[in-house]
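A quick write-up on the structure given underneath.
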Amino acid sequence: MQAFGIDIGGTGIKGAPVDLASGKLLSDRKKIATPRPATPDAVTEVVKEVTQSFGWTGITGATFPGVVLNGTIRSAANVDKTWIGTDAAALFTKAIGTDVAVLNDADAAGIAEMTFGAGVGVKGSVLMLTFGTGVGSALFTDGVLVRNTEFGHIEIRGKDAEKRAAESAKLEHDWGWKEWTERVSEYLQHVEALISPNLIIVGGGISKESDKWVPMLTGIQAKIVPAALQNDAGIVGAAMAAAGAAAAD
C-alpha cells in the first residue's frame with residue numbers, strides 16, 4: 001500500500017510517496033522553501049504544487065508545525081499566526097482534490113520512528129524531539145502516542161526552550177557544536193526531570209550530523225539515539241497517519 005506524505009516546516013515544505021510496508025520513500029522527495037509570510041493560502045499553494053509534481057491523487061497526509069486538533073490548527077509558533085483556528089485539513093483537501101489528514105509534525109516523525117526506526121520494540125516512555133526551525137516533541141508510552149505535546153516551549157532562562165536549543169538558534173547565533181550542545185543538554189535535563197523517558201530519539205535536519213553533538217550531551221540518564229529515518233520521518237509519518245485515517249472511515 002502507498003500513501004503520500006507532506007512535511008510542512010518553518011523553513012521548507014517537502015513531500016514524496018511512501019511505501020507503507022517498509023516506510024521507504026518511493027522516489028526522491030520534492031522540497032520547496034516555506035513562503036514568507038507562511039500564510040494559509042501561501043502554504044496551501046506550495047502543498048498543492050508538491051503533490052501535483054508527482055501527479056498524486058490518492059491517500060494523502062500532511063504535518064504541521066503546531067498543535068492540530070481534528071485537522072484544525074491551534075498554535076503556530078514558526079509560521080504565520082493567521083493559521084490559528086484554520087481548518088487545515090479542509091483547506092488542503094479542497095486544494096488537492098483528495099482527503100488530507102493533518103497532524104503535528106513531531107507526532108508524525110515519532111510515529112514513523114516507532115514503526116520503522118529507532119523506537120521499534122521499545123517499551124516504557126519514548127520521547128522524540130525534532131531540532132529544526134523550532135523544537136518539536138512526540139511522547140509515546142508503551143507505543144501509544146500522547147498527541148500534541150509542545151515540549152519545545154518549556155521555559156528555560158526566561159525564554160522558550162526552542163529559542164536556545166533549535167537548530168535555527170545555532171545558526172542565528174553562530175554557535176559552535178560545543179556551545180549549542182551545552183544548551184541542548186540543559187534543555188534535555190529539564191525535559192527528563194518532567195517525564196523521565198526511557199529513550200530519547202533526536203531528529204530533524206541536524207540529526208544527520210548527530211555524531212558531532214550527541215556524544216557531547218551531558219547530565220541525561222535516558223538513552224539518546226539519532227532518528228533512523230532522519231529528516232524523512234515526517235513525510236513517512238504523515239503518509240502513515242493518512243492511511244490510518246482512511247482505513248478508519
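By order of appearance in the C-alpha cells: chains A, B, ..., then residues from 1 within every chain, and ligands from 1 in the order shown.
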DSSP strand (DSSP E or B) residues within stretch 3-39 of chain A, listed as a list in words: Ala3, Phe4, Gly5, Ile6, Asp7, Ile8, Gly12, Ile13, Lys14, Gly15, Ala16, Pro17, Val18, Asp19, Lys24, Leu25, Lys30, Lys31, Ile32 and Ala33 of chain A
Residues of stretch 7-244 of chain A in helix (DSSP H, G or I), written as a count of residues only: 96
Closest contacts (stretch 59-85 of chain A/stretch 7-10 of chain A, max 8 Å, only C-alpha atoms) as a Markdown table:
| residue | atom | partner | partner_atom | distance |
| --- | --- | --- | --- | --- |
| A:Ala62 | CA | A:Asp7 | CA | 5.8 |
| A:Thr63 | CA | A:Asp7 | CA | 5.0 |
| A:Phe64 | CA | A:Ile8 | CA | 5.4 |
| A:Pro65 | CA | A:Gly9 | CA | 6.0 |
| A:Asn78 | CA | A:Gly10 | CA | 5.4 |
| A:Val79 | CA | A:Gly10 | CA | 5.9 |
Atoms to include: C-alpha atoms. Write the selected residues as a CSV table (one decimal), in the first residue's frame.
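Done, and the output landed in again13.csv:
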chain,number,residue,atom,x,y,z
A,62,ALA,CA,0.4,16.4,5.9
A,63,THR,CA,2.2,17.6,9.0
A,64,PHE,CA,2.0,21.0,10.6
A,65,PRO,CA,4.5,22.7,13.0
A,78,ASN,CA,7.1,29.2,13.4
A,79,VAL,CA,4.5,30.1,10.7
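Among the candidate residues A:Thr51, A:Thr82, A:Asn104, A:Thr149, the one lying nearest to A:Ala238 is A:Asn104, with distances computed using only C-alpha atoms.
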Selection: 9 Å around stretch 191-204 of chain A, only C-alpha atoms, excl. self and same-chain fewer than 6 positions, as a PyMOL selection string: chain A and resi 106+109-110+113+118-119+122-132+135-136+139+141+151+154+167+210+214+220-234
Keeping N, CA and C atoms, export the residues of the selection given above as a compact mmCIF listing (two decimals), in the first residue's frame.
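Contents of the output file part.txt:
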# COMPACT_ATOMS: atom_id res chain seq x y z
N ALA A 106 6.00 16.77 14.70
CA ALA A 106 6.81 15.87 15.52
C ALA A 106 6.07 14.57 15.82
N ALA A 109 6.67 12.42 12.84
CA ALA A 109 8.04 11.87 12.85
C ALA A 109 8.16 10.75 13.88
N GLY A 110 7.53 10.95 15.03
CA GLY A 110 7.58 9.93 16.07
C GLY A 110 6.89 8.64 15.66
N GLU A 113 9.23 6.77 13.43
CA GLU A 113 10.36 6.19 14.15
C GLU A 113 9.95 5.01 15.03
N ALA A 118 14.13 4.07 15.19
CA ALA A 118 14.85 3.86 16.45
C ALA A 118 13.97 3.44 17.61
N GLY A 119 12.64 3.60 17.48
CA GLY A 119 11.74 3.27 18.58
C GLY A 119 11.09 1.90 18.49
N VAL A 122 10.54 -0.66 21.60
CA VAL A 122 10.96 -0.07 22.88
C VAL A 122 9.74 0.10 23.78
N LYS A 123 9.83 -0.44 25.00
CA LYS A 123 8.75 -0.33 25.98
C LYS A 123 8.97 0.91 26.85
N GLY A 124 7.97 1.25 27.64
CA GLY A 124 8.08 2.41 28.51
C GLY A 124 7.84 3.70 27.76
N SER A 125 8.43 4.78 28.24
CA SER A 125 8.24 6.10 27.62
C SER A 125 9.35 6.39 26.62
N VAL A 126 8.93 6.80 25.43
CA VAL A 126 9.88 7.20 24.38
C VAL A 126 9.55 8.64 23.99
N LEU A 127 10.56 9.49 23.97
CA LEU A 127 10.38 10.89 23.58
C LEU A 127 11.12 11.14 22.28
N MET A 128 10.40 11.59 21.28
CA MET A 128 11.00 12.00 20.01
C MET A 128 11.09 13.53 20.02
N LEU A 129 12.27 14.06 19.73
CA LEU A 129 12.46 15.51 19.65
C LEU A 129 13.04 15.85 18.28
N THR A 130 12.44 16.82 17.61
CA THR A 130 12.95 17.25 16.31
C THR A 130 13.55 18.64 16.45
N PHE A 131 14.79 18.76 16.04
CA PHE A 131 15.52 20.03 16.14
C PHE A 131 15.63 20.65 14.75
N GLY A 132 14.90 21.73 14.52
CA GLY A 132 14.91 22.39 13.22
C GLY A 132 14.68 23.87 13.42
N VAL A 135 11.68 23.36 18.07
CA VAL A 135 11.89 22.03 18.64
C VAL A 135 10.53 21.38 18.81
N GLY A 136 10.31 20.30 18.07
CA GLY A 136 9.06 19.56 18.16
C GLY A 136 9.22 18.36 19.07
N LEU A 139 5.58 12.23 22.38
CA LEU A 139 5.75 11.34 23.54
C LEU A 139 4.92 10.08 23.35
N THR A 141 3.99 6.23 25.22
CA THR A 141 4.09 5.36 26.39
C THR A 141 3.62 3.97 25.97
N PHE A 151 6.83 20.31 24.02
CA PHE A 151 7.92 20.47 24.98
C PHE A 151 9.00 21.44 24.49
N ILE A 154 8.82 24.71 26.63
CA ILE A 154 9.16 24.81 28.05
C ILE A 154 10.04 26.04 28.24
N GLU A 167 17.90 24.06 15.99
CA GLU A 167 18.99 24.22 15.01
C GLU A 167 19.06 25.66 14.51
N SER A 210 24.44 13.89 13.86
CA SER A 210 24.33 13.53 15.27
C SER A 210 25.66 13.14 15.90
N VAL A 214 25.62 14.54 19.67
CA VAL A 214 25.00 13.64 20.63
C VAL A 214 26.02 13.10 21.66
N ILE A 220 22.18 13.63 31.27
CA ILE A 220 20.90 12.98 30.93
C ILE A 220 21.04 11.48 31.17
N GLN A 221 20.08 10.90 31.88
CA GLN A 221 20.15 9.48 32.19
C GLN A 221 19.57 8.61 31.08
N ALA A 222 18.59 9.13 30.36
CA ALA A 222 17.95 8.34 29.30
C ALA A 222 18.94 8.04 28.18
N LYS A 223 18.73 6.93 27.51
CA LYS A 223 19.50 6.63 26.31
C LYS A 223 19.08 7.59 25.22
N ILE A 224 20.05 8.13 24.47
CA ILE A 224 19.76 9.08 23.39
C ILE A 224 20.29 8.52 22.08
N VAL A 225 19.43 8.45 21.08
CA VAL A 225 19.83 7.91 19.78
C VAL A 225 19.32 8.83 18.67
N PRO A 226 20.02 8.90 17.53
CA PRO A 226 19.52 9.69 16.41
C PRO A 226 18.37 8.97 15.71
N ALA A 227 17.50 9.75 15.08
CA ALA A 227 16.38 9.19 14.30
C ALA A 227 16.93 8.38 13.13
N ALA A 228 16.43 7.17 12.98
CA ALA A 228 16.90 6.31 11.90
C ALA A 228 16.45 6.84 10.54
N LEU A 229 15.26 7.45 10.50
CA LEU A 229 14.74 7.97 9.24
C LEU A 229 15.19 9.41 8.98
N GLN A 230 15.94 9.95 9.94
CA GLN A 230 16.45 11.31 9.84
C GLN A 230 15.33 12.27 9.44
N ASN A 231 15.57 13.09 8.42
CA ASN A 231 14.60 14.14 8.13
C ASN A 231 13.47 13.70 7.20
N ASP A 232 13.42 12.38 6.90
CA ASP A 232 12.29 11.85 6.12
C ASP A 232 11.17 11.37 7.04
N ALA A 233 11.40 11.36 8.35
CA ALA A 233 10.44 10.78 9.28
C ALA A 233 9.07 11.46 9.21
N GLY A 234 9.05 12.77 9.05
CA GLY A 234 7.78 13.49 8.98
C GLY A 234 6.95 13.10 7.78
One-decimal distance in Å that lies between atom CA of A:Val43 and atom CA of A:Thr93: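 Taking atom CA of A:Thr93 as the start and atom CA of A:Val43 as the end point, the length is 13.2 Å.
Each of A:Leu20, A:Leu91, A:Ala3, A:Leu188 was checked against A:Val47 using only C-alpha atoms; the smallest atom-to-atom distance is that of A:Leu91.
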Selection near stretch 159-161 of chain A, 10 Å with only C-alpha atoms, sequence-local residues under 3 positions removed, as a VMD selection string: chain A and resid 134 to 135 151 to 156 164 to 166 183 to 184 186 to 188 190
Length of the atom CA of A:Ile13 to atom CA of A:Lys31 vector [Å]: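 Those two atoms sit 5.6 Å apart.
With atom CA of A:Asp142 on one side and atom CA of A:Gly121 on the other, the separation reads 8.9 Å.
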Using only C-alpha atoms, which residues of stretch 44-107 of chain A come within 10 Å of stretch 240-243 of chain A, and what is the closest atom pair for each, with the distance in Å to one decimal? Give it as a Markdown table, sorted by chain and residue number.
| residue | atom | partner | partner_atom | distance |
| --- | --- | --- | --- | --- |
| A:Gly58 | CA | A:Ala243 | CA | 9.9 |
| A:Ile59 | CA | A:Ala242 | CA | 6.3 |
| A:Thr60 | CA | A:Ala242 | CA | 5.6 |
| A:Gly61 | CA | A:Ala242 | CA | 4.6 |
| A:Ala62 | CA | A:Ala242 | CA | 8.0 |
| A:Thr63 | CA | A:Ala241 | CA | 9.5 |
| A:Asp99 | CA | A:Ala242 | CA | 8.7 |
| A:Val100 | CA | A:Ala242 | CA | 6.9 |
| A:Ala101 | CA | A:Ala242 | CA | 5.1 |
| A:Val102 | CA | A:Ala242 | CA | 7.8 |
| A:Leu103 | CA | A:Ala241 | CA | 7.8 |
| A:Asp107 | CA | A:Ala241 | CA | 9.7 |
Which residues are close to A:Glu49, i.e. within 10 Å by only C-alpha atoms, leaving aside same-chain residues fewer than 3 positions away? Reply as a compact mmCIF listing (two decimals) with C-alpha atoms, in the first residue's frame.
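Produced file result-v6.txt, reproduced below:
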# COMPACT_ATOMS: atom_id res chain seq x y z
CA LYS A 30 10.25 17.32 -3.67
CA ILE A 32 10.13 23.91 -1.78
CA VAL A 43 1.41 27.39 2.21
CA THR A 44 -1.58 25.67 0.61
CA GLU A 45 -0.33 26.69 -2.85
CA VAL A 46 3.03 25.02 -2.11
CA GLN A 52 0.83 17.77 -8.22
CA SER A 53 4.51 17.42 -9.11
CA PHE A 54 4.02 13.68 -8.53
CA GLY A 55 0.59 13.58 -10.19
CA ALA A 95 -6.77 22.44 -2.97
CA ILE A 96 -5.63 18.92 -3.82
